[in-house]
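Notes follow once the structure below has been shown.
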Amino acid sequence: METVTKIQDVTFNDLPWKIEYSPERCTMCGSCVAACTFKAIEPGVERRSVTISTAHVPEPTQTHRAIPVIRQKNSAANFCRGCGMCEKVCPNRAIRPVRNDDSRLNILARGGGNPIKRGGRNNLIKDRTLDKIVVGRISQMTDPSLDSERHTFDILAPFGRVLLPGELPFSIDDGELKLSGWTPPVRWIYPVIFSDMSVGALSTRAWEAVCLATAYLNERYDMPVRMCSGEGGMPVQLMKSDYLKYMIIQIASGHFGWNRIIKAMPHMKVDPAGILIKIGQGAKPGDGGLLPAAKVAEHIQAIRGVPKADLLSPPTIRAFTPSRNRCRKCICPSTPPSNSACRSPSNAPHLPPRYPSTTIFSATPIRSAAASSSTASRAAPAQPTKYRSTTPDTLSSQRSANVTWQPSSKAVRARYLCGPAAASASPATPRPTLSR
Amino acid sequence: MCRIGAIKSKVAFHPSQALRLMLPQQEGHDNSGFAMVMQDLDGVFGQYKDKPLLSLACTQKGAQMVENYMEAHNFARVYEWVPKLNRKPGLDIKAMPHYIFRCYDYPEQVQGASQAAKEELLLDTRLALRALLEKENQGYAFSLWPDVLTLKEIGDPRDIAVYFRLWDDSGELMAKNVVVQCRQNTNYEIVRYAAHPFFIQGYTLCANGENTFYTKNKEYQKSLHRGYIGFESDSQNFLYTLHYVLHQLKWPIKYYKHVITPLPFEEIEKRPDKAELKLIRQSLGHLEINGPNTIIGMLPDNSLITCCDSKKLRPVVIGGDGTTIAISSEVCGLNVVVPDRDPATDVYPDEREVVVITSDLEVQRWKQ
Ligand code: SF4
Ligand code: SF4
């Protein structure tokens with residue numbers, strides 16, 4: 001029980017300054033405690049392991065003794081400010097404050113002074129994005145430049161997989177570079193996108209408004225901006241729309257709505273601007289996201305293809321997370337056989353066994369995950385009626401498709417990409433098959 | 001602002017010609033430095049054309065460190081030319097204690113190696129020497145390359161010339177090509193490595209201007225090649241791009257301009273080679289330059305190249321008389337070194353133009 005109360009406490013490691021104290025120099029004069037205006041230190045008694053020798057010849061023995069000490073208070077209200085008063089008044093150089101690089105004070109402050117009670121996040125990343133931004137000078141001679149025309153440039157950025165210059169499939173023919181191979185499609189867009197707010201978590205009005213804005217900027221003002229769907233799937237009507245070309249479809253750890261996306265593919269008139277495979281949960285590193293059941297309204301169930309239930313997005317896509325250590329943080333149906341070598345992420349034999357949701361282009365990720373994972377209650381059969389009533393079209397097409405999951409077969413994956421009709425011809429090895 | 005120039009001739013000439021090219025332009029520079037790279041040498045170095053030539057300015061200790069390094073790496077000294085310095089009082093020059101111009105034999109282990117292997121060795125050796133000298137602040141290794149000599153110093157170009165006796169035309173130091181710059185110290189601290197022309201593996205370049213994409217170019221170039229270091233000046237970006245496009249990617253020379261000042265998208269769309277141009281823009285977008293600039297480059301085959309920024313904010317003029325061709329920031333320089341030319345044939349390249357002067361003095365020009 002003691003442990004339970006302790007983990008609720010603030011520790012002095014949470015605080016920005018730590019007291020470095022040498023009990024062997026300290027004479028317990030008390031000056032430091034008296035000098036500290038912040039009441040950051042206090043006298044106390046600690047039971048310590050000490051080595052003593054009391055005989056005439058050295059006979060060191062180890063023992064435990066209660067000894068008086070000066071110690072730092074574990075209190076956010078009385079945190080040490082590093083003013084150094086204690087150090088100045090100490091006659092024996094026994095005490096001084098040292099900066100705690102790994103202070104968690106800002107996390108404490110965010111939580112209203114509450115200590116961190118769960119793992120998953122740290123505060124150890126010292127170089128922050130803002131520290132890494134390099135601001136180049138605009139001009140060495142004319143700073144600011146004499147006339148803005150001298151420094152105009154295109155702001156378009158390539159969107160897509162840009163090849164390294166050495167990889168470009170060029171051949172040289174009569175002093176000219178000739179394209180002699182395939183290159184991935186790339187579009188030139190403003191380096192600004194509506195970022196991944198999950199369409200499958202917003203109200204219909206909200207996502208429609210942003211989609212309209214994106215299409216309007218492109219069509220009316222010729223401003224090539226794009227919008228990302230976020231990880232909650234795509235509405236079928238948007239998949240069928242001409243404006244899909246301005247959308248970046250995202251797949252993330254939860255694989256939400258991807259069976260619907262795959263099934264809508266035969267009805268697509270244009271290609272989307274891109275597919276974004278999100279490897280980790282950017283906004284909630286280490287924790288993953290949770291959309292509570294209360295927010296999973298009917299339109300969201302329809303987009304994501306799920307019943308009303310808590311929807312968890314694991315912190316990482318498991319296919320990309322071979323390390324057992326990291327895997328354990330997400331909801332993991334099974335663990336690797338051996339404990340020993342899994343610290344090495346490159347150690348293939350210790351990869352967790354593959355389970356369905358690791359296949360990116362799987363047609364039935366949600367269903368198969370549900371079948372294999374006791375924790376994922378997304379397709380809980382307890383609510384089939386409601387589920388069916390919200391998405392009659394999609395459901396019936398699923399039924400007829402009778403899609404099976406087979407992770408390692410490229411052929412099957414290819415078939416999924418070709419749409420339901422082709423998929424129905426897939427081999428009859430129904431490892432988790434649709435159960436309805 | 002700096003002033004830049006280059007002279008290419010069928011007959012070898014003295015460095016005093018380079019000074020004559022630059023001194024009339026001194027309203028455009030402030031006499032704070034002089035630097036030149038000579039290629040296709042004659043005079044004392046004429047008979048060592050295939051031997052790597054080290055150009056060095058250093059302290060006594062630095063000279064010793066370099067000697068030890070070269071010995072330890074099996075470079076055998078073949079010939080050394082020590083300039084007879086004129087230490088006349090009152091000269092405006094921040095001279096180094098020693099200037100060393102020394103030819104070496106390739107180490108035995110690469111004697112039979114390919115040209116590429118030798119080039120890599122020379123680059124690595126120069127980088128090592130530079131690091132060695134830089135660590136202890138004992139000097140500057142400017143170039144190590146066959147048939148290429150670099151001289152850079154801080155001070156008034158006229159006084160620098162007196163100090164090195166460049167006015168004497170003694171026949172010792174001669175070449176058929178020179179690229180030269182007189183600098184204006186702007187808001188930089190004066191560093192010898194920041195003085196153009198810059199050199200890497202047979203490619204020499206100097207520039208007049210300010211590259212406002214310096215940071216973007218630099219961050220990308222640092223990842224491209226181990227030799228892309230220093231970045232004391234924003235004009236090094238142009239050299240490294242020139243080297244990258246021609247030496248690393250082995251693309252034809254016309255694509256250099258497409259990399260540093262790509263065409264606007266509307267123009268690319270109208271061209272038959274739009275697929276290629278768009279790919280170049282995609283993959284090498286970080287090498288695009290911006291701001292007012294002109295560059296003069298000298299290539300391993302002794303040809304010269306010049307082009308400017310996409311708005312022609314810094315011009316150059318090219319003129320010649322059949323034996324000698326010069327490129328200069330200002331026409332007053334040309335008037336001194338090629339006085340008998342027909343000025344009507346002078347070329348003022350525009351913002352989309354590239355001019356190449358081939359090794360047999362043919363002037364090629366084309367639109368990007
Ligand atoms: S450094 Fe200042 S705030 Fe911290 S314990 Fe000492 S006296 Fe108190
Ligand atoms: S002032 Fe120094 S000696 Fe006195 S109690 Fe504090 S730490 Fe100990």
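Going through the structure tokens in order, the chains are called A, B, and so on, while each chain numbers its residues from 1 and the ligands are numbered from 1 in the order shown.
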Taking the backbone alone, and naming residues the way the document does, which bits of region 62-285 of chain A are alpha helix (DSSP H) by DSSP, as an MDAnalysis selection string? chainID A and resid 85:89 105:110 129:132 204:221 236:239 258:264
For chain B, which residues have at least one atom within 7 Å of chain A, if we go by only C-alpha atoms? Write them as a tab-separated table (two decimals) with all heavy atoms, in the first residue's frame, please.
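Resulting contents of result_39.tsv:
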chain	number	residue	atom	x	y	z
B	186	THR	N	32.52	42.71	-46.31
B	186	THR	CA	31.22	43.24	-45.93
B	186	THR	C	31.04	43.06	-44.45
B	186	THR	O	31.76	43.66	-43.67
B	186	THR	CB	30.14	42.52	-46.74
B	186	THR	OG1	30.35	41.12	-46.60
B	186	THR	CG2	30.23	42.91	-48.19
B	210	GLU	N	25.31	37.89	-53.36
B	210	GLU	CA	24.88	37.43	-52.06
B	210	GLU	C	23.81	36.37	-52.28
B	210	GLU	O	22.80	36.62	-52.91
B	210	GLU	CB	24.32	38.59	-51.25
B	210	GLU	CG	23.38	39.46	-52.08
B	210	GLU	CD	22.94	40.69	-51.33
B	210	GLU	OE1	22.43	40.52	-50.22
B	210	GLU	OE2	23.09	41.80	-51.86
B	212	THR	N	21.02	34.45	-51.02
B	212	THR	CA	20.11	34.47	-49.88
B	212	THR	C	19.52	33.09	-49.59
B	212	THR	O	18.78	32.92	-48.65
B	212	THR	CB	18.98	35.49	-50.09
B	212	THR	OG1	18.39	35.25	-51.35
B	212	THR	CG2	19.52	36.88	-50.06
B	215	THR	N	21.61	29.33	-46.38
B	215	THR	CA	21.37	28.33	-45.33
B	215	THR	C	20.78	27.05	-45.90
B	215	THR	O	21.22	25.95	-45.59
B	215	THR	CB	20.46	28.91	-44.25
B	215	THR	OG1	21.06	30.10	-43.75
B	215	THR	CG2	20.26	27.93	-43.11
B	249	LEU	N	27.22	13.90	-60.30
B	249	LEU	CA	26.11	13.37	-61.09
B	249	LEU	C	26.51	13.13	-62.54
B	249	LEU	O	25.84	12.41	-63.26
B	249	LEU	CB	24.92	14.34	-61.05
B	249	LEU	CG	24.27	14.55	-59.68
B	249	LEU	CD1	23.20	15.61	-59.77
B	249	LEU	CD2	23.66	13.25	-59.16
B	252	PRO	N	25.47	16.82	-68.12
B	252	PRO	CA	26.02	17.82	-69.04
B	252	PRO	C	25.98	19.22	-68.40
B	252	PRO	O	25.11	19.51	-67.58
B	252	PRO	CB	25.08	17.75	-70.25
B	252	PRO	CG	24.48	16.39	-70.17
B	252	PRO	CD	24.37	16.05	-68.73
B	276	GLU	N	11.98	16.11	-67.46
B	276	GLU	CA	13.32	16.11	-66.87
B	276	GLU	C	13.51	17.34	-65.98
B	276	GLU	O	14.02	17.23	-64.86
B	276	GLU	CB	14.38	16.11	-67.97
B	276	GLU	CG	14.51	14.78	-68.74
B	276	GLU	CD	13.48	14.63	-69.85
B	276	GLU	OE1	12.70	15.57	-70.09
B	276	GLU	OE2	13.44	13.56	-70.49
B	282	GLN	N	12.56	19.01	-58.52
B	282	GLN	CA	12.14	18.24	-57.34
B	282	GLN	C	13.32	17.80	-56.50
B	282	GLN	O	13.38	18.01	-55.31
B	282	GLN	CB	11.49	16.94	-57.81
B	282	GLN	CG	10.02	16.93	-57.91
B	282	GLN	CD	9.58	15.66	-58.61
B	282	GLN	OE1	10.16	14.60	-58.43
B	282	GLN	NE2	8.54	15.77	-59.39
B	283	SER	N	14.28	17.15	-57.19
B	283	SER	CA	15.33	16.47	-56.44
B	283	SER	C	16.42	17.43	-55.98
B	283	SER	O	17.08	17.17	-54.99
B	283	SER	CB	15.96	15.38	-57.31
B	283	SER	OG	15.00	14.39	-57.56
B	284	LEU	N	16.61	18.52	-56.69
B	284	LEU	CA	17.70	19.42	-56.33
B	284	LEU	C	17.19	20.81	-55.96
B	284	LEU	O	17.92	21.79	-56.05
B	284	LEU	CB	18.71	19.52	-57.50
B	284	LEU	CG	19.53	18.24	-57.70
B	284	LEU	CD1	20.33	18.32	-58.97
B	284	LEU	CD2	20.44	18.00	-56.52
B	290	ASN	N	19.36	32.26	-54.72
B	290	ASN	CA	18.49	33.42	-54.78
B	290	ASN	C	19.31	34.66	-54.45
B	290	ASN	O	20.37	34.57	-53.85
B	290	ASN	CB	17.34	33.25	-53.78
B	290	ASN	CG	16.23	34.23	-54.04
B	290	ASN	OD1	16.01	35.14	-53.25
B	290	ASN	ND2	15.55	34.09	-55.14
B	291	GLY	N	18.80	35.80	-54.86
B	291	GLY	CA	19.52	37.04	-54.63
B	291	GLY	C	20.39	37.36	-55.83
B	291	GLY	O	20.46	36.60	-56.79
B	292	PRO	N	21.05	38.51	-55.80
B	292	PRO	CA	21.87	38.94	-56.92
B	292	PRO	C	23.22	38.24	-56.95
B	292	PRO	O	23.94	38.25	-55.95
B	292	PRO	CB	22.06	40.44	-56.67
B	292	PRO	CG	21.83	40.62	-55.22
B	292	PRO	CD	21.00	39.50	-54.71
Strand (DSSP E) call set, DSSP backbone run, region 66-251 of chain B, as number ranges by chain: B: 76-81, 98-105, 139-146, 148-154, 173-182, 198-200, 203-209
For the residues in that selection, give me N, CA and C atoms as a short mmCIF file (atom, residue, chain, number, x, y, z; two decimals), in the first residue's frame.
data_model
loop_
_atom_site.label_atom_id
_atom_site.label_comp_id
_atom_site.auth_asym_id
_atom_site.auth_seq_id
_atom_site.Cartn_x
_atom_site.Cartn_y
_atom_site.Cartn_z
N ALA B 76 56.11 12.32 -52.31
CA ALA B 76 57.52 12.71 -52.42
C ALA B 76 57.61 14.08 -53.08
N ARG B 77 58.35 14.98 -52.46
CA ARG B 77 58.48 16.33 -52.98
C ARG B 77 59.28 16.32 -54.28
N VAL B 78 58.77 16.99 -55.30
CA VAL B 78 59.45 17.02 -56.59
C VAL B 78 60.06 18.39 -56.85
N TYR B 79 59.30 19.41 -56.53
CA TYR B 79 59.79 20.75 -56.83
C TYR B 79 59.09 21.71 -55.89
N GLU B 80 59.82 22.77 -55.50
CA GLU B 80 59.20 23.78 -54.66
C GLU B 80 59.55 25.16 -55.18
N TRP B 81 58.56 26.03 -55.24
CA TRP B 81 58.82 27.41 -55.63
C TRP B 81 58.50 28.30 -54.44
N HIS B 98 54.80 32.02 -44.10
CA HIS B 98 55.31 31.21 -45.20
C HIS B 98 54.27 31.01 -46.28
N TYR B 99 54.75 31.05 -47.52
CA TYR B 99 53.90 30.67 -48.65
C TYR B 99 54.61 29.54 -49.37
N ILE B 100 53.92 28.45 -49.53
CA ILE B 100 54.57 27.27 -50.09
C ILE B 100 53.82 26.83 -51.34
N PHE B 101 54.55 26.69 -52.41
CA PHE B 101 53.96 26.15 -53.65
C PHE B 101 54.84 24.98 -54.04
N ARG B 102 54.32 23.78 -53.84
CA ARG B 102 55.19 22.62 -53.89
C ARG B 102 54.53 21.50 -54.70
N CYS B 103 55.33 20.93 -55.62
CA CYS B 103 54.82 19.80 -56.40
C CYS B 103 55.25 18.48 -55.76
N TYR B 104 54.36 17.53 -55.80
CA TYR B 104 54.64 16.22 -55.23
C TYR B 104 54.46 15.15 -56.30
N ASP B 105 55.13 14.04 -56.06
CA ASP B 105 54.81 12.83 -56.81
C ASP B 105 53.68 12.12 -56.08
N GLY B 139 47.62 27.74 -40.30
CA GLY B 139 47.71 28.08 -41.73
C GLY B 139 46.54 27.59 -42.55
N TYR B 140 46.70 27.73 -43.87
CA TYR B 140 45.61 27.49 -44.81
C TYR B 140 46.11 26.66 -45.99
N ALA B 141 45.43 25.56 -46.28
CA ALA B 141 45.76 24.77 -47.46
C ALA B 141 44.69 25.08 -48.50
N PHE B 142 45.06 25.78 -49.58
CA PHE B 142 44.05 26.26 -50.52
C PHE B 142 43.74 25.24 -51.60
N SER B 143 44.76 24.67 -52.19
CA SER B 143 44.48 23.69 -53.24
C SER B 143 45.62 22.68 -53.30
N LEU B 144 45.28 21.49 -53.74
CA LEU B 144 46.29 20.45 -53.98
C LEU B 144 45.82 19.74 -55.24
N TRP B 145 46.39 20.12 -56.36
CA TRP B 145 45.87 19.61 -57.62
C TRP B 145 46.94 19.83 -58.70
N PRO B 146 47.05 18.93 -59.64
CA PRO B 146 48.04 19.15 -60.69
C PRO B 146 47.73 20.41 -61.50
N VAL B 148 47.45 23.50 -60.89
CA VAL B 148 46.59 24.54 -60.32
C VAL B 148 47.30 25.23 -59.18
N LEU B 149 47.34 26.53 -59.21
CA LEU B 149 48.02 27.29 -58.15
C LEU B 149 47.06 28.34 -57.58
N THR B 150 47.02 28.43 -56.26
CA THR B 150 46.12 29.38 -55.61
C THR B 150 46.92 30.35 -54.75
N LEU B 151 46.61 31.62 -54.87
CA LEU B 151 47.21 32.63 -53.99
C LEU B 151 46.08 33.48 -53.44
N LYS B 152 46.04 33.59 -52.11
CA LYS B 152 45.01 34.42 -51.49
C LYS B 152 45.66 35.22 -50.39
N GLU B 153 45.34 36.49 -50.31
CA GLU B 153 45.84 37.22 -49.15
C GLU B 153 44.91 38.37 -48.83
N ILE B 154 45.02 38.80 -47.59
CA ILE B 154 44.19 39.90 -47.11
C ILE B 154 45.00 41.18 -47.21
N LEU B 173 56.13 32.75 -62.65
CA LEU B 173 54.74 32.35 -62.44
C LEU B 173 53.94 32.75 -63.67
N MET B 174 53.49 31.76 -64.45
CA MET B 174 52.71 32.09 -65.64
C MET B 174 51.65 31.00 -65.84
N ALA B 175 50.57 31.40 -66.50
CA ALA B 175 49.52 30.42 -66.78
C ALA B 175 48.70 30.89 -67.96
N LYS B 176 47.90 29.98 -68.49
CA LYS B 176 47.03 30.36 -69.61
C LYS B 176 45.62 30.70 -69.13
N ASN B 177 45.35 30.40 -67.85
CA ASN B 177 44.02 30.72 -67.30
C ASN B 177 44.20 31.29 -65.91
N VAL B 178 43.42 32.30 -65.61
CA VAL B 178 43.38 32.76 -64.23
C VAL B 178 41.96 33.21 -63.91
N VAL B 179 41.54 32.87 -62.70
CA VAL B 179 40.27 33.37 -62.17
C VAL B 179 40.63 34.21 -60.96
N VAL B 180 40.08 35.40 -60.86
CA VAL B 180 40.59 36.34 -59.88
C VAL B 180 39.45 37.11 -59.24
N GLN B 181 39.70 37.55 -58.03
CA GLN B 181 38.70 38.31 -57.30
C GLN B 181 39.37 39.34 -56.42
N CYS B 182 38.82 40.54 -56.39
CA CYS B 182 39.21 41.52 -55.40
C CYS B 182 38.00 41.72 -54.51
N PHE B 198 37.08 29.65 -54.94
CA PHE B 198 37.14 28.42 -54.17
C PHE B 198 37.48 27.28 -55.11
N PHE B 199 38.00 26.23 -54.52
CA PHE B 199 38.51 25.15 -55.37
C PHE B 199 38.13 23.79 -54.80
N ILE B 200 37.66 22.89 -55.65
CA ILE B 200 37.52 21.49 -55.23
C ILE B 200 37.69 20.59 -56.46
N TYR B 203 37.71 21.97 -59.96
CA TYR B 203 36.68 22.97 -60.22
C TYR B 203 36.98 24.21 -59.39
N THR B 204 37.04 25.36 -60.07
CA THR B 204 37.32 26.63 -59.41
C THR B 204 36.14 27.54 -59.65
N LEU B 205 35.80 28.33 -58.66
CA LEU B 205 34.66 29.22 -58.88
C LEU B 205 34.79 30.47 -58.03
N CYS B 206 34.45 31.60 -58.61
CA CYS B 206 34.28 32.78 -57.78
C CYS B 206 32.95 33.43 -58.14
N ALA B 207 32.44 34.19 -57.21
CA ALA B 207 31.11 34.74 -57.40
C ALA B 207 31.07 36.15 -56.86
N ASN B 208 30.15 36.91 -57.42
CA ASN B 208 29.96 38.26 -56.98
C ASN B 208 28.51 38.36 -56.60
N GLY B 209 28.24 38.53 -55.32
CA GLY B 209 26.83 38.66 -54.97
C GLY B 209 26.54 38.19 -53.57
#
Interatomic distance, CA of Ser75 (chain A) to CA of Arg99 (chain A) (Å, one decimal):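 Value for the CA of Ser75 (chain A)-CA of Arg99 (chain A) distance: 16.5 Å.
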If you count only C-alpha atoms and all ligand atoms, which residues end up within 9 Å of ligand 1, as a VMD selection string? chain A and resid 17 to 19 32 to 42 71 to 72 78 to 89 95 to 98
With C-alpha atoms kept, could you save the residues just selected as a compact mmCIF listing (two decimals), in the first residue's frame?
# COMPACT_ATOMS: atom_id res chain seq x y z
CA TRP A 17 16.99 22.28 -9.11
CA LYS A 18 18.32 19.45 -7.00
CA ILE A 19 20.29 19.77 -3.78
CA CYS A 32 21.25 26.42 5.23
CA VAL A 33 17.77 25.62 6.44
CA ALA A 34 17.58 28.96 8.15
CA ALA A 35 18.82 30.76 5.02
CA CYS A 36 16.47 29.17 2.53
CA THR A 37 13.63 31.59 2.05
CA PHE A 38 11.71 29.06 -0.01
CA LYS A 39 11.64 26.36 2.63
CA ALA A 40 13.07 24.02 0.02
CA ILE A 41 15.25 22.10 2.46
CA GLU A 42 14.60 20.65 5.87
CA ARG A 71 17.26 17.08 2.57
CA GLN A 72 15.21 18.64 -0.13
CA ASN A 78 8.65 24.54 -2.11
CA PHE A 79 10.80 23.84 -5.08
CA CYS A 80 14.41 24.95 -4.91
CA ARG A 81 14.98 28.11 -6.98
CA GLY A 82 18.69 27.56 -7.25
CA CYS A 83 19.42 30.86 -5.55
CA GLY A 84 22.48 29.37 -3.90
CA MET A 85 21.87 30.94 -0.46
CA CYS A 86 22.37 27.60 1.26
CA GLU A 87 25.69 27.20 -0.48
CA LYS A 88 26.80 30.66 0.59
CA VAL A 89 25.96 30.21 4.24
CA ILE A 95 25.46 21.76 0.17
CA ARG A 96 24.72 23.38 -3.17
CA PRO A 97 21.91 23.45 -5.71
CA VAL A 98 22.50 21.85 -9.13
I'd like the contact shell of region 299-303 of chain B - 8 Å cut-off, only C-alpha atoms, skipping same-chain residues fewer than 6 positions apart - returned as a PDB file with all heavy atoms, in the first residue's frame.
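Everything below was put into out.pdb:
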ATOM      1  N   GLN B  39      45.583  28.194 -63.695  1.00  0.00           N
ATOM      2  CA  GLN B  39      45.484  26.821 -64.183  1.00  0.00           C
ATOM      3  C   GLN B  39      46.107  26.730 -65.568  1.00  0.00           C
ATOM      4  O   GLN B  39      46.061  27.703 -66.312  1.00  0.00           O
ATOM      5  CB  GLN B  39      44.004  26.407 -64.226  1.00  0.00           C
ATOM      6  CG  GLN B  39      43.790  24.950 -64.551  1.00  0.00           C
ATOM      7  CD  GLN B  39      42.349  24.521 -64.283  1.00  0.00           C
ATOM      8  OE1 GLN B  39      41.828  24.714 -63.210  1.00  0.00           O
ATOM      9  NE2 GLN B  39      41.722  23.932 -65.283  1.00  0.00           N
ATOM     10  N   ASP B  40      46.629  25.562 -65.888  1.00  0.00           N
ATOM     11  CA  ASP B  40      47.411  25.357 -67.115  1.00  0.00           C
ATOM     12  C   ASP B  40      48.662  26.228 -67.034  1.00  0.00           C
ATOM     13  O   ASP B  40      48.837  27.197 -67.762  1.00  0.00           O
ATOM     14  CB  ASP B  40      46.563  25.687 -68.359  1.00  0.00           C
ATOM     15  CG  ASP B  40      47.184  25.078 -69.620  1.00  0.00           C
ATOM     16  OD1 ASP B  40      48.306  24.530 -69.512  1.00  0.00           O
ATOM     17  OD2 ASP B  40      46.553  25.156 -70.688  1.00  0.00           O
ATOM     18  N   ASN B 177      45.347  30.403 -67.852  1.00  0.00           N
ATOM     19  CA  ASN B 177      44.020  30.722 -67.303  1.00  0.00           C
ATOM     20  C   ASN B 177      44.196  31.290 -65.915  1.00  0.00           C
ATOM     21  O   ASN B 177      44.983  30.768 -65.120  1.00  0.00           O
ATOM     22  CB  ASN B 177      43.151  29.479 -67.149  1.00  0.00           C
ATOM     23  CG  ASN B 177      43.019  28.724 -68.440  1.00  0.00           C
ATOM     24  OD1 ASN B 177      42.231  29.092 -69.289  1.00  0.00           O
ATOM     25  ND2 ASN B 177      43.823  27.686 -68.602  1.00  0.00           N
ATOM     26  N   GLY B 202      39.582  20.177 -59.090  1.00  0.00           N
ATOM     27  CA  GLY B 202      39.691  20.657 -60.456  1.00  0.00           C
ATOM     28  C   GLY B 202      38.665  21.707 -60.824  1.00  0.00           C
ATOM     29  O   GLY B 202      38.716  22.257 -61.919  1.00  0.00           O
ATOM     30  N   TYR B 203      37.709  21.966 -59.959  1.00  0.00           N
ATOM     31  CA  TYR B 203      36.677  22.973 -60.219  1.00  0.00           C
ATOM     32  C   TYR B 203      36.985  24.212 -59.386  1.00  0.00           C
ATOM     33  O   TYR B 203      37.174  24.121 -58.177  1.00  0.00           O
ATOM     34  CB  TYR B 203      35.287  22.439 -59.865  1.00  0.00           C
ATOM     35  CG  TYR B 203      34.866  21.302 -60.754  1.00  0.00           C
ATOM     36  CD1 TYR B 203      35.296  19.995 -60.490  1.00  0.00           C
ATOM     37  CD2 TYR B 203      34.075  21.526 -61.869  1.00  0.00           C
ATOM     38  CE1 TYR B 203      34.945  18.951 -61.326  1.00  0.00           C
ATOM     39  CE2 TYR B 203      33.710  20.485 -62.699  1.00  0.00           C
ATOM     40  CZ  TYR B 203      34.150  19.202 -62.429  1.00  0.00           C
ATOM     41  OH  TYR B 203      33.802  18.181 -63.255  1.00  0.00           O
ATOM     42  N   THR B 204      37.037  25.359 -60.073  1.00  0.00           N
ATOM     43  CA  THR B 204      37.322  26.626 -59.405  1.00  0.00           C
ATOM     44  C   THR B 204      36.137  27.536 -59.649  1.00  0.00           C
ATOM     45  O   THR B 204      35.535  27.496 -60.731  1.00  0.00           O
ATOM     46  CB  THR B 204      38.569  27.265 -60.045  1.00  0.00           C
ATOM     47  OG1 THR B 204      39.645  26.347 -59.914  1.00  0.00           O
ATOM     48  CG2 THR B 204      38.928  28.578 -59.361  1.00  0.00           C
ATOM     49  N   VAL B 356      30.060  29.621 -72.137  1.00  0.00           N
ATOM     50  CA  VAL B 356      31.206  28.756 -71.888  1.00  0.00           C
ATOM     51  C   VAL B 356      32.300  29.133 -72.869  1.00  0.00           C
ATOM     52  O   VAL B 356      32.044  29.301 -74.068  1.00  0.00           O
ATOM     53  CB  VAL B 356      30.825  27.265 -72.030  1.00  0.00           C
ATOM     54  CG1 VAL B 356      32.078  26.405 -72.130  1.00  0.00           C
ATOM     55  CG2 VAL B 356      29.980  26.809 -70.855  1.00  0.00           C
ATOM     56  N   ILE B 357      33.510  29.308 -72.370  1.00  0.00           N
ATOM     57  CA  ILE B 357      34.655  29.545 -73.247  1.00  0.00           C
ATOM     58  C   ILE B 357      35.474  28.266 -73.224  1.00  0.00           C
ATOM     59  O   ILE B 357      36.005  27.873 -72.185  1.00  0.00           O
ATOM     60  CB  ILE B 357      35.502  30.723 -72.738  1.00  0.00           C
ATOM     61  CG1 ILE B 357      34.614  31.957 -72.589  1.00  0.00           C
ATOM     62  CG2 ILE B 357      36.657  30.994 -73.698  1.00  0.00           C
ATOM     63  CD1 ILE B 357      35.271  33.074 -71.829  1.00  0.00           C
ATOM     64  N   THR B 358      35.522  27.601 -74.347  1.00  0.00           N
ATOM     65  CA  THR B 358      36.163  26.294 -74.374  1.00  0.00           C
ATOM     66  C   THR B 358      37.675  26.454 -74.342  1.00  0.00           C
ATOM     67  O   THR B 358      38.200  27.564 -74.470  1.00  0.00           O
ATOM     68  CB  THR B 358      35.780  25.514 -75.645  1.00  0.00           C
ATOM     69  OG1 THR B 358      36.297  26.245 -76.752  1.00  0.00           O
ATOM     70  CG2 THR B 358      34.290  25.373 -75.784  1.00  0.00           C
ATOM     71  N   SER B 359      38.362  25.331 -74.203  1.00  0.00           N
ATOM     72  CA  SER B 359      39.809  25.422 -74.035  1.00  0.00           C
ATOM     73  C   SER B 359      40.470  25.979 -75.298  1.00  0.00           C
ATOM     74  O   SER B 359      41.551  26.548 -75.223  1.00  0.00           O
ATOM     75  CB  SER B 359      40.388  24.061 -73.665  1.00  0.00           C
ATOM     76  OG  SER B 359      39.835  23.072 -74.470  1.00  0.00           O
TER      77      SER B 359
END
Nearby polymer residues, ligand 2, at most 7 Å, only C-alpha atoms and all ligand atoms, as a ChimeraX atom specification: /A:21,25-33,70,86,89-95
With a distance cut-off of 8 Å and only C-alpha atoms, select the neighbouring residues of Ile251 (chain A), excluding the residue or stretch itself and same-chain residues fewer than 3 positions from it, and output the selection as a short mmCIF file (atom, residue, chain, number, x, y, z; two decimals) with C-alpha atoms, in the first residue's frame.
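And here is the file that came out, out_29.cif:
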data_model
loop_
_atom_site.label_atom_id
_atom_site.label_comp_id
_atom_site.auth_asym_id
_atom_site.auth_seq_id
_atom_site.Cartn_x
_atom_site.Cartn_y
_atom_site.Cartn_z
CA GLY A 230 -6.60 12.10 -40.42
CA GLU A 231 -6.74 8.53 -39.33
CA GLY A 233 -11.29 6.84 -42.40
CA GLY A 254 -5.87 2.11 -35.72
CA HIS A 255 -6.52 1.29 -39.41
CA PHE A 256 -9.93 2.86 -39.05
CA TRP A 258 -9.83 1.21 -44.39
CA ILE A 275 -1.63 8.28 -48.99
CA LEU A 276 -0.06 9.07 -45.66
CA ILE A 277 1.04 6.14 -43.54
CA LYS A 278 1.41 7.49 -40.04
#
